[in-house]
file structure_11.txt (compact mmCIF, C-alpha atoms)
# COMPACT_ATOMS: atom_id res chain seq x y z
CA ILE A 11 -4.72 -24.54 -6.78
CA SER A 12 -7.89 -26.54 -7.44
CA LEU A 13 -9.68 -25.39 -10.56
CA ASP A 14 -12.83 -27.47 -10.02
CA LEU A 15 -14.71 -24.89 -7.99
CA LYS A 16 -18.47 -25.19 -8.13
CA LEU A 17 -19.83 -21.94 -9.61
CA GLY A 18 -23.13 -20.52 -8.43
CA LYS A 19 -25.17 -17.90 -10.22
CA LYS A 20 -23.61 -14.98 -12.06
CA VAL A 21 -23.83 -11.97 -9.74
CA ASN A 22 -22.54 -9.39 -12.16
CA GLU A 23 -20.93 -8.89 -15.53
CA GLY A 24 -18.83 -5.90 -16.55
CA LYS A 25 -16.94 -4.94 -19.68
CA THR A 26 -13.87 -6.97 -18.73
CA LYS A 27 -14.98 -9.48 -16.08
CA GLU A 28 -17.75 -11.74 -14.71
CA VAL A 29 -18.54 -12.33 -11.04
CA TYR A 30 -19.93 -15.68 -9.81
CA GLU A 31 -21.21 -16.85 -6.43
CA LEU A 32 -19.31 -19.75 -4.84
CA PRO A 33 -21.81 -22.03 -3.04
CA ASP A 34 -18.96 -23.98 -1.35
CA ILE A 35 -17.26 -20.85 0.01
CA PRO A 36 -19.93 -18.71 1.69
CA GLY A 37 -19.29 -14.97 1.57
CA CYS A 38 -16.93 -15.30 -1.42
CA VAL A 39 -17.19 -14.79 -5.18
CA LEU A 40 -15.10 -15.72 -8.20
CA MET A 41 -13.82 -12.80 -10.30
CA GLN A 42 -13.33 -14.12 -13.82
CA SER A 43 -11.46 -11.88 -16.30
CA LYS A 44 -12.26 -11.69 -20.03
CA ASP A 45 -9.99 -11.29 -23.06
CA GLN A 46 -11.60 -7.94 -23.76
CA ILE A 47 -10.14 -4.43 -23.87
CA THR A 48 -12.38 -1.35 -24.00
CA ALA A 49 -12.10 2.42 -24.01
CA GLY A 50 -14.54 5.33 -23.67
CA ASN A 51 -17.23 3.30 -21.84
CA ALA A 52 -16.90 0.52 -24.45
CA ALA A 53 -17.33 2.92 -27.39
CA ARG A 54 -14.22 1.10 -28.59
CA LYS A 55 -13.81 -2.55 -27.72
CA ASP A 56 -11.64 -5.36 -29.00
CA ARG A 57 -10.75 -8.90 -28.15
CA MET A 58 -7.15 -9.19 -26.94
CA GLU A 59 -5.97 -12.78 -26.71
CA GLY A 60 -4.40 -13.45 -23.30
CA LYS A 61 -5.62 -10.23 -21.67
CA ALA A 62 -7.62 -12.11 -18.99
CA ALA A 63 -4.47 -13.85 -17.71
CA ILE A 64 -2.41 -10.64 -17.85
CA SER A 65 -5.08 -8.68 -15.91
CA ASN A 66 -5.49 -11.45 -13.36
CA THR A 67 -1.72 -11.61 -12.71
CA THR A 68 -1.53 -7.82 -12.35
CA THR A 69 -4.51 -7.58 -9.99
CA SER A 70 -3.41 -10.54 -7.86
CA CYS A 71 0.09 -9.10 -7.33
CA VAL A 72 -1.17 -5.59 -6.56
CA PHE A 73 -3.76 -6.83 -4.07
CA GLN A 74 -1.23 -9.15 -2.43
CA LEU A 75 1.20 -6.23 -2.02
CA LEU A 76 -1.50 -4.02 -0.46
CA GLN A 77 -2.85 -6.79 1.75
CA GLU A 78 0.61 -7.67 3.10
CA ALA A 79 1.13 -3.98 3.85
CA GLY A 80 -2.04 -4.01 5.97
CA ILE A 81 -4.63 -2.44 3.64
CA LYS A 82 -8.07 -4.07 3.93
CA THR A 83 -9.04 -5.57 0.58
CA ALA A 84 -11.61 -8.01 -0.79
CA PHE A 85 -8.87 -10.19 -2.34
CA VAL A 86 -8.65 -13.76 -0.97
CA ARG A 87 -6.40 -15.66 -3.39
CA LYS A 88 -5.54 -16.26 -7.03
CA GLN A 89 -7.60 -19.23 -8.20
CA SER A 90 -6.47 -19.83 -11.80
CA ASP A 91 -4.63 -18.03 -14.60
CA THR A 92 -7.70 -15.91 -15.33
CA ALA A 93 -9.67 -15.78 -12.04
CA PHE A 94 -9.30 -14.94 -8.36
CA ILE A 95 -11.46 -15.44 -5.27
CA ALA A 96 -12.66 -12.35 -3.41
CA ALA A 97 -14.88 -11.56 -0.46
CA HIS A 98 -18.43 -10.86 -1.66
CA CYS A 99 -19.01 -7.11 -1.47
CA GLU A 100 -21.84 -4.79 -2.31
CA MET A 101 -20.02 -2.30 -4.52
CA ILE A 102 -20.19 1.45 -3.90
CA PRO A 103 -20.80 2.95 -7.39
CA ILE A 104 -17.98 5.49 -7.23
CA GLU A 105 -14.66 5.48 -9.05
CA TRP A 106 -12.05 7.11 -6.82
CA VAL A 107 -9.21 8.68 -8.79
CA CYS A 108 -5.93 9.78 -7.25
CA ARG A 109 -3.52 11.88 -9.33
CA ARG A 110 0.11 12.88 -8.83
CA ILE A 111 0.49 14.43 -12.30
CA ALA A 112 -2.13 16.40 -14.25
CA THR A 113 -2.97 14.67 -17.53
CA GLY A 114 -5.94 13.18 -19.41
CA SER A 115 -9.46 14.26 -18.47
CA PHE A 116 -8.20 16.56 -15.69
CA LEU A 117 -6.73 18.91 -18.32
CA LYS A 118 -10.03 19.03 -20.24
CA ARG A 119 -11.98 19.85 -17.06
CA ASN A 120 -9.42 22.40 -15.85
CA PRO A 121 -8.36 24.50 -18.85
CA GLY A 122 -5.20 26.48 -18.21
CA VAL A 123 -3.50 23.73 -16.20
CA LYS A 124 -0.53 22.40 -18.18
CA GLU A 125 0.15 18.70 -18.57
CA GLY A 126 2.75 17.59 -16.02
CA TYR A 127 1.52 19.86 -13.18
CA LYS A 128 2.27 17.98 -9.94
CA PHE A 129 -0.11 17.67 -7.01
CA TYR A 130 1.25 17.69 -3.45
CA PRO A 131 -0.50 15.92 -1.73
CA PRO A 132 -1.92 13.82 -4.58
CA LYS A 133 -5.30 15.06 -5.84
CA ILE A 134 -8.41 12.98 -5.18
CA GLU A 135 -11.49 13.07 -7.41
CA MET A 136 -14.60 10.91 -7.59
CA PHE A 137 -16.85 9.90 -10.43
CA TYR A 138 -20.31 8.37 -10.19
CA LYS A 139 -20.54 5.14 -12.19
CA ASP A 140 -23.18 5.89 -14.78
CA ASP A 141 -22.33 4.78 -18.33
CA ALA A 142 -25.32 6.58 -19.86
CA ASN A 143 -24.01 9.93 -18.57
CA ASN A 144 -20.30 9.14 -19.05
CA ASP A 145 -19.49 8.76 -15.33
CA PRO A 146 -20.01 12.37 -14.16
CA GLN A 147 -17.65 13.87 -11.60
CA TRP A 148 -19.23 14.05 -8.13
CA SER A 149 -18.48 16.10 -5.07
CA GLU A 150 -18.26 14.80 -1.53
CA GLU A 151 -21.57 16.55 -0.81
CA GLN A 152 -23.34 14.70 -3.63
CA LEU A 153 -22.05 11.37 -2.35
CA ILE A 154 -23.22 12.11 1.22
CA GLU A 155 -26.61 13.40 0.01
CA ALA A 156 -27.16 10.25 -2.09
CA LYS A 157 -27.56 8.41 1.27
CA PHE A 158 -26.40 5.13 -0.28
CA CYS A 159 -26.80 2.02 1.86
CA PHE A 160 -24.81 -1.15 1.07
CA ALA A 161 -24.85 -4.39 3.06
CA GLY A 162 -26.58 -2.44 5.83
CA LEU A 163 -23.93 0.31 5.99
CA THR A 164 -25.11 3.85 5.21
CA ILE A 165 -22.50 5.91 3.39
CA GLY A 166 -22.13 9.12 5.41
CA GLN A 167 -19.32 11.60 6.17
CA THR A 168 -17.26 9.02 8.10
CA GLU A 169 -17.36 6.48 5.27
CA VAL A 170 -16.55 9.11 2.63
CA ASP A 171 -13.57 10.31 4.70
CA ILE A 172 -12.33 6.72 5.14
CA MET A 173 -12.51 6.06 1.38
CA ALA A 174 -10.76 9.35 0.55
CA ARG A 175 -7.94 8.69 3.06
CA SER A 176 -7.61 5.09 1.89
CA THR A 177 -7.42 6.17 -1.76
CA GLN A 178 -4.48 8.44 -1.01
CA ALA A 179 -2.65 5.79 1.05
CA ILE A 180 -3.19 3.09 -1.61
CA PHE A 181 -1.91 5.42 -4.33
CA GLU A 182 1.17 6.38 -2.29
CA ILE A 183 2.03 2.74 -1.53
CA LEU A 184 1.80 1.78 -5.21
CA GLU A 185 3.67 4.92 -6.28
CA LYS A 186 6.50 4.04 -3.88
CA SER A 187 6.47 0.40 -5.03
CA TRP A 188 6.98 1.35 -8.69
CA GLN A 189 9.86 3.74 -7.96
CA PRO A 190 12.61 1.06 -7.67
CA GLN A 191 11.72 0.05 -11.26
CA ASN A 192 12.14 3.66 -12.39
CA CYS A 193 8.41 3.85 -13.18
CA THR A 194 6.20 6.82 -12.37
CA LEU A 195 2.67 6.06 -11.21
CA VAL A 196 0.84 9.06 -12.67
CA ASP A 197 -2.69 8.35 -11.46
CA LEU A 198 -4.86 5.50 -10.22
CA LYS A 199 -8.56 4.55 -10.33
CA ILE A 200 -10.02 2.29 -7.61
CA GLU A 201 -13.37 1.16 -6.21
CA PHE A 202 -14.57 0.19 -2.75
CA GLY A 203 -17.23 -2.22 -1.59
CA VAL A 204 -18.85 -3.18 1.70
CA ASN A 205 -17.94 -6.73 2.71
CA ILE A 206 -21.32 -8.46 3.20
CA LEU A 207 -20.02 -10.51 6.16
CA THR A 208 -17.90 -7.99 8.12
CA LYS A 209 -19.90 -4.89 7.01
CA GLU A 210 -16.66 -2.93 6.58
CA ILE A 211 -15.45 -0.86 3.65
CA VAL A 212 -12.69 -2.62 1.73
CA LEU A 213 -10.77 -2.01 -1.46
CA ALA A 214 -12.57 -4.19 -4.02
CA ASP A 215 -12.98 -4.80 -7.77
CA VAL A 216 -9.59 -5.01 -9.57
CA ILE A 217 -6.42 -2.98 -9.98
CA ASP A 218 -4.86 -3.90 -13.31
CA ASN A 219 -3.29 -2.14 -16.27
CA ASP A 220 -6.65 -0.48 -17.06
CA SER A 221 -6.61 1.19 -13.61
CA TRP A 222 -3.59 3.48 -13.80
CA ARG A 223 -1.20 5.48 -15.95
CA LEU A 224 2.36 4.21 -15.75
CA TRP A 225 5.25 6.13 -17.35
CA PRO A 226 8.69 4.48 -17.36
CA SER A 227 11.37 7.08 -16.48
CA GLY A 228 8.49 9.55 -15.98
CA ASP A 229 8.23 9.87 -19.79
CA ARG A 230 4.72 9.91 -21.21
CA ARG A 231 5.97 8.73 -24.62
CA GLN A 232 6.93 5.42 -23.04
CA GLN A 233 3.48 4.84 -21.44
CA LYS A 234 2.73 1.16 -20.75
CA ASP A 235 -0.89 1.39 -19.57
CA LYS A 236 -4.28 1.28 -21.32
CA GLN A 237 -3.76 4.84 -22.58
CA SER A 238 -1.64 3.28 -25.35
CA TYR A 239 -4.88 1.60 -26.56
CA ARG A 240 -7.06 4.71 -26.09
CA ASP A 241 -4.57 6.74 -28.17
CA LEU A 242 -4.68 4.44 -31.22
CA LYS A 243 -5.85 6.24 -34.38
CA GLU A 244 -7.11 2.90 -35.72
CA VAL A 245 -7.08 -0.57 -34.23
CA THR A 246 -5.01 -2.83 -36.48
CA PRO A 247 -3.71 -6.30 -35.53
CA GLU A 248 -0.19 -4.77 -35.31
CA ALA A 249 -1.42 -1.97 -33.05
CA LEU A 250 -3.18 -4.48 -30.74
CA GLN A 251 0.07 -6.51 -30.56
CA MET A 252 1.89 -3.36 -29.41
CA VAL A 253 -0.77 -2.75 -26.71
CA LYS A 254 -0.52 -6.40 -25.63
CA ARG A 255 3.28 -6.14 -25.33
CA ASN A 256 2.79 -3.13 -23.02
CA PHE A 257 0.35 -5.11 -20.86
CA GLU A 258 2.77 -8.05 -20.69
CA TRP A 259 5.62 -5.69 -19.75
CA VAL A 260 3.55 -4.49 -16.76
CA ALA A 261 2.47 -8.03 -15.74
CA GLU A 262 6.12 -9.17 -15.66
CA ARG A 263 7.26 -6.23 -13.56
CA VAL A 264 4.31 -6.17 -11.21
CA GLU A 265 5.60 -9.44 -9.69
CA LEU A 266 8.79 -7.58 -8.72
CA LEU A 267 6.69 -5.19 -6.58
CA LEU A 268 6.43 -8.01 -4.03
CA LYS A 269 10.22 -8.14 -3.63
CA THR A 270 12.87 -5.70 -2.52
CA LYS A 271 16.61 -5.64 -3.17
CA SER A 272 17.43 -3.75 -0.01
CA GLN A 273 17.84 -5.72 3.21
CA GLY A 274 18.31 -4.52 6.73
CA ARG A 275 18.31 -5.75 10.31
CA VAL A 276 18.00 -4.53 13.88
CA VAL A 277 20.55 -5.66 16.46
CA VAL A 278 19.41 -5.19 20.05
CA LEU A 279 22.26 -5.02 22.56
CA MET A 280 21.23 -5.49 26.19
CA GLY A 281 23.45 -4.72 29.13
CA SER A 282 22.08 -7.65 31.11
CA PRO A 283 19.90 -10.72 30.45
CA SER A 284 17.43 -9.35 33.02
CA ASP A 285 16.30 -6.96 30.25
CA LEU A 286 15.27 -9.82 27.95
CA SER A 287 11.50 -9.30 28.15
CA HIS A 288 11.91 -5.61 27.15
CA CYS A 289 14.09 -6.68 24.19
CA GLU A 290 11.63 -9.38 23.09
CA LYS A 291 9.02 -6.63 22.62
CA ILE A 292 11.39 -4.80 20.26
CA LYS A 293 11.98 -8.03 18.31
CA LYS A 294 8.25 -8.74 18.08
CA ALA A 295 7.52 -5.23 16.80
CA CYS A 296 10.33 -5.54 14.21
CA ALA A 297 8.67 -8.71 12.91
CA THR A 298 5.47 -6.80 12.13
CA PHE A 299 7.52 -4.68 9.69
CA GLY A 300 9.24 -7.76 8.25
CA ILE A 301 12.61 -6.69 9.71
CA PRO A 302 14.97 -9.40 11.07
CA CYS A 303 16.10 -8.70 14.62
CA GLU A 304 18.93 -10.25 16.66
CA LEU A 305 19.39 -10.03 20.43
CA ARG A 306 22.85 -9.86 22.06
CA VAL A 307 24.07 -9.42 25.64
CA THR A 308 27.04 -7.11 26.23
CA SER A 309 27.99 -4.45 28.80
CA ALA A 310 29.90 -1.36 27.70
CA HIS A 311 30.95 -0.85 31.35
CA LYS A 312 32.06 -4.39 32.17
CA GLY A 313 33.34 -5.52 28.77
CA PRO A 314 33.90 -2.60 26.38
CA ASP A 315 36.29 -4.62 24.19
CA GLU A 316 33.58 -7.29 23.70
CA THR A 317 30.95 -4.62 22.91
CA LEU A 318 33.17 -3.18 20.18
CA ARG A 319 33.96 -6.67 18.83
CA ILE A 320 30.23 -7.42 18.48
CA LYS A 321 29.79 -4.03 16.76
CA ALA A 322 32.57 -4.86 14.26
CA GLU A 323 30.91 -8.20 13.46
CA TYR A 324 27.75 -6.43 12.25
CA GLU A 325 29.59 -3.64 10.47
CA GLY A 326 31.67 -6.06 8.44
CA ASP A 327 29.09 -8.05 6.48
CA GLY A 328 27.56 -5.21 4.49
CA ILE A 329 23.97 -5.55 5.78
CA PRO A 330 22.49 -2.16 6.79
CA THR A 331 21.98 -2.31 10.55
CA VAL A 332 20.27 -0.22 13.21
CA PHE A 333 21.57 -0.86 16.75
CA VAL A 334 19.19 -0.55 19.70
CA ALA A 335 20.90 -0.13 23.08
CA VAL A 336 18.94 -1.47 26.04
CA ALA A 337 20.60 -0.46 29.29
CA GLY A 338 18.67 1.06 32.13
CA ARG A 339 20.66 1.81 35.23
CA SER A 340 23.54 3.78 33.74
CA ASN A 341 23.43 3.67 29.99
CA GLY A 342 27.00 3.49 28.74
CA LEU A 343 26.00 1.11 25.97
CA GLY A 344 24.23 3.53 23.61
CA PRO A 345 26.76 6.38 23.89
CA VAL A 346 29.79 4.04 23.52
CA MET A 347 28.23 2.40 20.45
CA SER A 348 27.24 5.79 18.97
CA GLY A 349 30.78 7.15 19.44
CA ASN A 350 32.31 4.15 17.65
CA THR A 351 30.03 3.39 14.67
CA ALA A 352 28.66 5.33 11.72
CA TYR A 353 25.51 3.17 11.86
CA PRO A 354 22.37 4.53 13.58
CA VAL A 355 22.05 3.76 17.30
CA VAL A 356 18.88 4.36 19.31
CA ASN A 357 18.58 4.07 23.10
CA CYS A 358 15.59 2.21 24.51
CA PRO A 359 16.26 2.02 28.26
CA PRO A 360 14.01 -0.19 30.44
CA LEU A 361 13.42 2.26 33.28
CA SER A 362 12.50 1.08 36.77
CA ALA A 363 9.92 2.87 38.89
CA ASP A 364 12.31 3.66 41.75
CA TRP A 365 15.28 5.21 39.93
CA GLY A 366 13.91 5.80 36.44
CA THR A 367 13.75 9.59 36.68
CA GLN A 368 17.48 9.72 37.55
CA ASP A 369 18.64 6.91 35.24
CA VAL A 370 17.05 8.34 32.08
CA TRP A 371 19.59 11.22 32.06
CA SER A 372 22.38 8.79 31.13
CA SER A 373 20.49 8.21 27.87
CA LEU A 374 19.49 11.85 27.29
CA ARG A 375 22.63 13.85 28.24
CA LEU A 376 25.35 12.58 25.91
CA PRO A 377 28.87 13.84 25.22
CA SER A 378 29.15 16.12 22.17
CA GLY A 379 29.53 14.47 18.78
CA LEU A 380 27.08 11.64 19.48
CA GLY A 381 23.77 11.34 17.62
CA CYS A 382 21.92 8.79 19.64
CA PRO A 383 18.18 9.43 20.18
CA THR A 384 16.20 7.87 23.01
CA THR A 385 12.75 6.34 22.91
CA LEU A 386 11.25 4.64 25.96
CA SER A 387 8.76 2.49 24.07
CA PRO A 388 10.11 -0.83 22.68
CA GLU A 389 7.56 -0.60 19.83
CA GLY A 390 8.73 2.98 19.19
CA ALA A 391 12.35 1.80 18.82
CA ALA A 392 11.27 -0.79 16.24
CA GLN A 393 9.22 1.82 14.39
CA PHE A 394 12.18 4.22 14.33
CA ALA A 395 14.33 1.50 12.75
CA ALA A 396 11.54 0.72 10.25
CA GLN A 397 11.38 4.39 9.23
CA ILE A 398 15.12 4.34 8.49
CA PHE A 399 14.85 1.17 6.38
CA GLY A 400 11.63 2.43 4.77
CA LEU A 401 13.64 5.18 3.05
CA ASN A 402 14.82 2.60 0.50
CA ASN A 403 12.67 -0.46 1.12
CA HIS A 404 9.18 0.04 -0.30
CA LEU A 405 7.74 -3.01 1.50
CA VAL A 406 8.68 -1.63 4.94
CA TRP A 407 7.47 1.84 3.92
CA ALA A 408 4.14 0.36 2.78
CA LYS A 409 3.59 -1.19 6.23
CA LEU A 410 4.36 2.13 7.94
CA ARG A 411 2.00 4.00 5.60
CA SER A 412 -0.74 1.42 6.09
CA ASN A 413 -0.34 1.60 9.90
CA MET A 414 -0.90 5.36 9.79
CA LEU A 415 -4.06 4.86 7.74
CA ASN A 416 -5.45 2.09 9.96
CA THR A 417 -4.81 4.09 13.15
CA TRP A 418 -6.64 7.06 11.60
CA ILE A 419 -9.57 4.85 10.51
CA SER A 420 -9.94 3.25 13.95
CA LEU A 421 -10.09 6.69 15.62
CA LYS A 422 -12.65 7.83 13.05
CA GLN A 423 -14.81 4.75 13.66
CA ALA A 424 -14.50 5.07 17.45
CA ASP A 425 -15.69 8.67 17.19
CA LYS A 426 -18.67 7.64 15.03
CA LYS A 427 -19.61 4.87 17.45
CA LEU A 428 -19.39 7.20 20.44
CA ARG A 429 -21.58 9.81 18.74
CA GLU A 430 -24.19 7.18 17.86
CA CYS A 431 -24.30 6.05 21.50
CA THR A 432 -24.70 9.58 22.88
CA LEU A 433 -27.36 10.48 20.28
call {"tool": "encode", "arguments": {"input": "structure_11.txt", "output": "structure tokens"}}
result
Amino acid sequence: ISLDLKLGKKVNEGKTKEVYELPDIPGCVLMQSKDQITAGNAARKDRMEGKAAISNTTTSCVFQLLQEAGIKTAFVRKQSDTAFIAAHCEMIPIEWVCRRIATGSFLKRNPGVKEGYKFYPPKIEMFYKDDANNDPQWSEEQLIEAKFCFAGLTIGQTEVDIMARSTQAIFEILEKSWQPQNCTLVDLKIEFGVNILTKEIVLADVIDNDSWRLWPSGDRRQQKDKQSYRDLKEVTPEALQMVKRNFEWVAERVELLLKTKSQGRVVVLMGSPSDLSHCEKIKKACATFGIPCELRVTSAHKGPDETLRIKAEYEGDGIPTVFVAVAGRSNGLGPVMSGNTAYPVVNCPPLSADWGTQDVWSSLRLPSGLGCPTTLSPEGAAQFAAQIFGLNNHLVWAKLRSNMLNTWISLKQADKKLRECTL
């Protein structure tokens, strides 16, 4: 990574970071972290040696995880130990908070709710960024009535809905990603901006250890986030060391969010090489979820012994496998596989126009004792496999969750565009 970037003028400075224009990279800025930790709108602030690097590592990993899942973010790349490059955005002055467990300020604002109350779905709140008034809570109506305009985009109902939906999806992806480390993501605070080049709303700013509450084993007494600093009776050098150790603990583990222990694969069995193009679509769709996919040719009618030998090969190496049976004319492949393996099998027959209505029954009407669903879409078969692996692979789950969000957003935007045309 080259560190000799030419810095332009300072665009912004916050409590914990500075933002600089990059004349050589149009449309991008440098986000430079500081060794500063603050609480209560900087009512308490201290220098914490090494915090800039810890925050930068945490943010870079979290944004990389979200970006690889398919969430639109401003993050471009990590530039140095203490800085990263981001798309230049005009920031929307709202802090979006998503909560799974009631704690902190929520309890003060909602007397009678006990700490530990769980929200299903997670609860979303927003706060207007205004230090002088201690960031008051806002309603959706206030945000719409403010008629904010950033980078030429007016913030109306559609934009508010997109940010609210995105906040929930981002929280759920990070919550799921912390689970393998036996860590509970309690709540999360994020901000959005409008990318000045693409004019679209993206997740911006930073997500570091100041942005969430993180409780190992779901136990508040073990908290590793900035709350451990907020809770200090007095700030002594020893106390700051303890806070720093918590931040380092998070920065080490956040890198593990980008990995998963669980592996899996899809094996597509086709009854004939004439079905190859149908199978290639399944393989291509598997790749979008990061799932390896192998293609094999075998006929349960013409070579049942060979079909069962291939099955045994994949059962014997310990890698979780979903079989997809591609046989159109008379599907013996799926039912024979399903009757002889405990692994999931899904039929994905390539139906022809002339006999398809008759042929499909060989995939739908199975002997008793077989659990072998049928989906006609090759992409659907890959998605079904991804949903199975997503149960214990947070990276696959994150892609599925992000797909749902992006489909919803594109429908929302299409509707807005259509209404604008007809008005």
call {"tool": "closest_atom_pairs", "arguments": {"input": "structure_11.txt", "of": "region 155-262 of chain A", "to": "region 66-79 of chain A", "cutoff": "12 Å", "atoms": "all atoms listed in the file", "output": "Markdown table"}}
result
| residue | atom | partner | partner_atom | distance |
| --- | --- | --- | --- | --- |
| A:Ser176 | CA | A:Leu76 | CA | 11.2 |
| A:Thr177 | CA | A:Leu76 | CA | 11.9 |
| A:Ala179 | CA | A:Leu76 | CA | 10.0 |
| A:Ile180 | CA | A:Leu76 | CA | 7.4 |
| A:Phe181 | CA | A:Leu76 | CA | 10.2 |
| A:Glu182 | CA | A:Leu76 | CA | 10.9 |
| A:Ile183 | CA | A:Leu76 | CA | 7.7 |
| A:Leu184 | CA | A:Val72 | CA | 8.1 |
| A:Glu185 | CA | A:Val72 | CA | 11.6 |
| A:Lys186 | CA | A:Leu75 | CA | 11.7 |
| A:Ser187 | CA | A:Leu75 | CA | 9.0 |
| A:Trp188 | CA | A:Val72 | CA | 10.9 |
| A:Ile200 | CA | A:Thr69 | CA | 11.6 |
| A:Val212 | CA | A:Gln77 | CA | 10.7 |
| A:Leu213 | CA | A:Phe73 | CA | 8.9 |
| A:Ala214 | CA | A:Phe73 | CA | 9.2 |
| A:Asp215 | CA | A:Thr69 | CA | 9.2 |
| A:Val216 | CA | A:Thr69 | CA | 5.7 |
| A:Ile217 | CA | A:Thr69 | CA | 5.0 |
| A:Asp218 | CA | A:Thr69 | CA | 5.0 |
| A:Asn219 | CA | A:Thr68 | CA | 7.1 |
| A:Asp220 | CA | A:Thr68 | CA | 10.1 |
| A:Ser221 | CA | A:Thr69 | CA | 9.7 |
| A:Trp222 | CA | A:Thr68 | CA | 11.6 |
| A:Asp235 | CA | A:Thr68 | CA | 11.7 |
| A:Phe257 | CA | A:Thr68 | CA | 9.1 |
| A:Glu258 | CA | A:Thr68 | CA | 9.4 |
| A:Trp259 | CA | A:Thr68 | CA | 10.5 |
| A:Val260 | CA | A:Thr68 | CA | 7.5 |
| A:Ala261 | CA | A:Thr68 | CA | 5.2 |
| A:Glu262 | CA | A:Thr68 | CA | 8.4 |
call {"tool": "write_last_selection", "arguments": {"input": "structure_11.txt", "atoms": "C-alpha atoms", "output": "PDB file, keeping the file's coordinate frame"}}
result
ATOM      1  CA  SER A 176      -7.610   5.090   1.890  1.00  0.00           C
ATOM      2  CA  THR A 177      -7.420   6.170  -1.760  1.00  0.00           C
ATOM      3  CA  ALA A 179      -2.650   5.790   1.050  1.00  0.00           C
ATOM      4  CA  ILE A 180      -3.190   3.090  -1.610  1.00  0.00           C
ATOM      5  CA  PHE A 181      -1.910   5.420  -4.330  1.00  0.00           C
ATOM      6  CA  GLU A 182       1.170   6.380  -2.290  1.00  0.00           C
ATOM      7  CA  ILE A 183       2.030   2.740  -1.530  1.00  0.00           C
ATOM      8  CA  LEU A 184       1.800   1.780  -5.210  1.00  0.00           C
ATOM      9  CA  GLU A 185       3.670   4.920  -6.280  1.00  0.00           C
ATOM     10  CA  LYS A 186       6.500   4.040  -3.880  1.00  0.00           C
ATOM     11  CA  SER A 187       6.470   0.400  -5.030  1.00  0.00           C
ATOM     12  CA  TRP A 188       6.980   1.350  -8.690  1.00  0.00           C
ATOM     13  CA  ILE A 200     -10.020   2.290  -7.610  1.00  0.00           C
ATOM     14  CA  VAL A 212     -12.690  -2.620   1.730  1.00  0.00           C
ATOM     15  CA  LEU A 213     -10.770  -2.010  -1.460  1.00  0.00           C
ATOM     16  CA  ALA A 214     -12.570  -4.190  -4.020  1.00  0.00           C
ATOM     17  CA  ASP A 215     -12.980  -4.800  -7.770  1.00  0.00           C
ATOM     18  CA  VAL A 216      -9.590  -5.010  -9.570  1.00  0.00           C
ATOM     19  CA  ILE A 217      -6.420  -2.980  -9.980  1.00  0.00           C
ATOM     20  CA  ASP A 218      -4.860  -3.900 -13.310  1.00  0.00           C
ATOM     21  CA  ASN A 219      -3.290  -2.140 -16.270  1.00  0.00           C
ATOM     22  CA  ASP A 220      -6.650  -0.480 -17.060  1.00  0.00           C
ATOM     23  CA  SER A 221      -6.610   1.190 -13.610  1.00  0.00           C
ATOM     24  CA  TRP A 222      -3.590   3.480 -13.800  1.00  0.00           C
ATOM     25  CA  ASP A 235      -0.890   1.390 -19.570  1.00  0.00           C
ATOM     26  CA  PHE A 257       0.350  -5.110 -20.860  1.00  0.00           C
ATOM     27  CA  GLU A 258       2.770  -8.050 -20.690  1.00  0.00           C
ATOM     28  CA  TRP A 259       5.620  -5.690 -19.750  1.00  0.00           C
ATOM     29  CA  VAL A 260       3.550  -4.490 -16.760  1.00  0.00           C
ATOM     30  CA  ALA A 261       2.470  -8.030 -15.740  1.00  0.00           C
ATOM     31  CA  GLU A 262       6.120  -9.170 -15.660  1.00  0.00           C
TER      32      GLU A 262
END
call {"tool": "residues_around", "arguments": {"input": "structure_11.txt", "residues": "Gly24 (chain A)", "least_positions_apart": "5", "cutoff": "10 Å", "atoms": "all atoms listed in the file", "output": "number ranges by chain"}}
result
A: 29, 43-44
call {"tool": "residues_around", "arguments": {"input": "structure_11.txt", "residues": "Gly166 (chain A)", "least_positions_apart": "3", "cutoff": "12 Å", "atoms": "all atoms listed in the file", "output": "list in words"}}
result
Glu150, Glu151, Gln152, Leu153, Ile154, Glu155, Ala156, Lys157, Phe158, Cys159, Phe160, Leu163, Glu169, Val170, Asp171, Ile172, Met173, Gln423 and Lys426 of chain A
call {"tool": "residues_near_point", "arguments": {"input": "structure_11.txt", "point": "(-5.3, -19.4, -11.2)", "cutoff": "12 Å", "atoms": "only C-alpha atoms", "output": "CSV table (one decimal) with C-alpha atoms, keeping the file's coordinate frame"}}
result
chain,number,residue,atom,x,y,z
A,11,ILE,CA,-4.7,-24.5,-6.8
A,12,SER,CA,-7.9,-26.5,-7.4
A,13,LEU,CA,-9.7,-25.4,-10.6
A,14,ASP,CA,-12.8,-27.5,-10.0
A,15,LEU,CA,-14.7,-24.9,-8.0
A,40,LEU,CA,-15.1,-15.7,-8.2
A,41,MET,CA,-13.8,-12.8,-10.3
A,42,GLN,CA,-13.3,-14.1,-13.8
A,43,SER,CA,-11.5,-11.9,-16.3
A,62,ALA,CA,-7.6,-12.1,-19.0
A,63,ALA,CA,-4.5,-13.8,-17.7
A,64,ILE,CA,-2.4,-10.6,-17.8
A,65,SER,CA,-5.1,-8.7,-15.9
A,66,ASN,CA,-5.5,-11.4,-13.4
A,67,THR,CA,-1.7,-11.6,-12.7
A,69,THR,CA,-4.5,-7.6,-10.0
A,70,SER,CA,-3.4,-10.5,-7.9
A,87,ARG,CA,-6.4,-15.7,-3.4
A,88,LYS,CA,-5.5,-16.3,-7.0
A,89,GLN,CA,-7.6,-19.2,-8.2
A,90,SER,CA,-6.5,-19.8,-11.8
A,91,ASP,CA,-4.6,-18.0,-14.6
A,92,THR,CA,-7.7,-15.9,-15.3
A,93,ALA,CA,-9.7,-15.8,-12.0
A,94,PHE,CA,-9.3,-14.9,-8.4
A,95,ILE,CA,-11.5,-15.4,-5.3
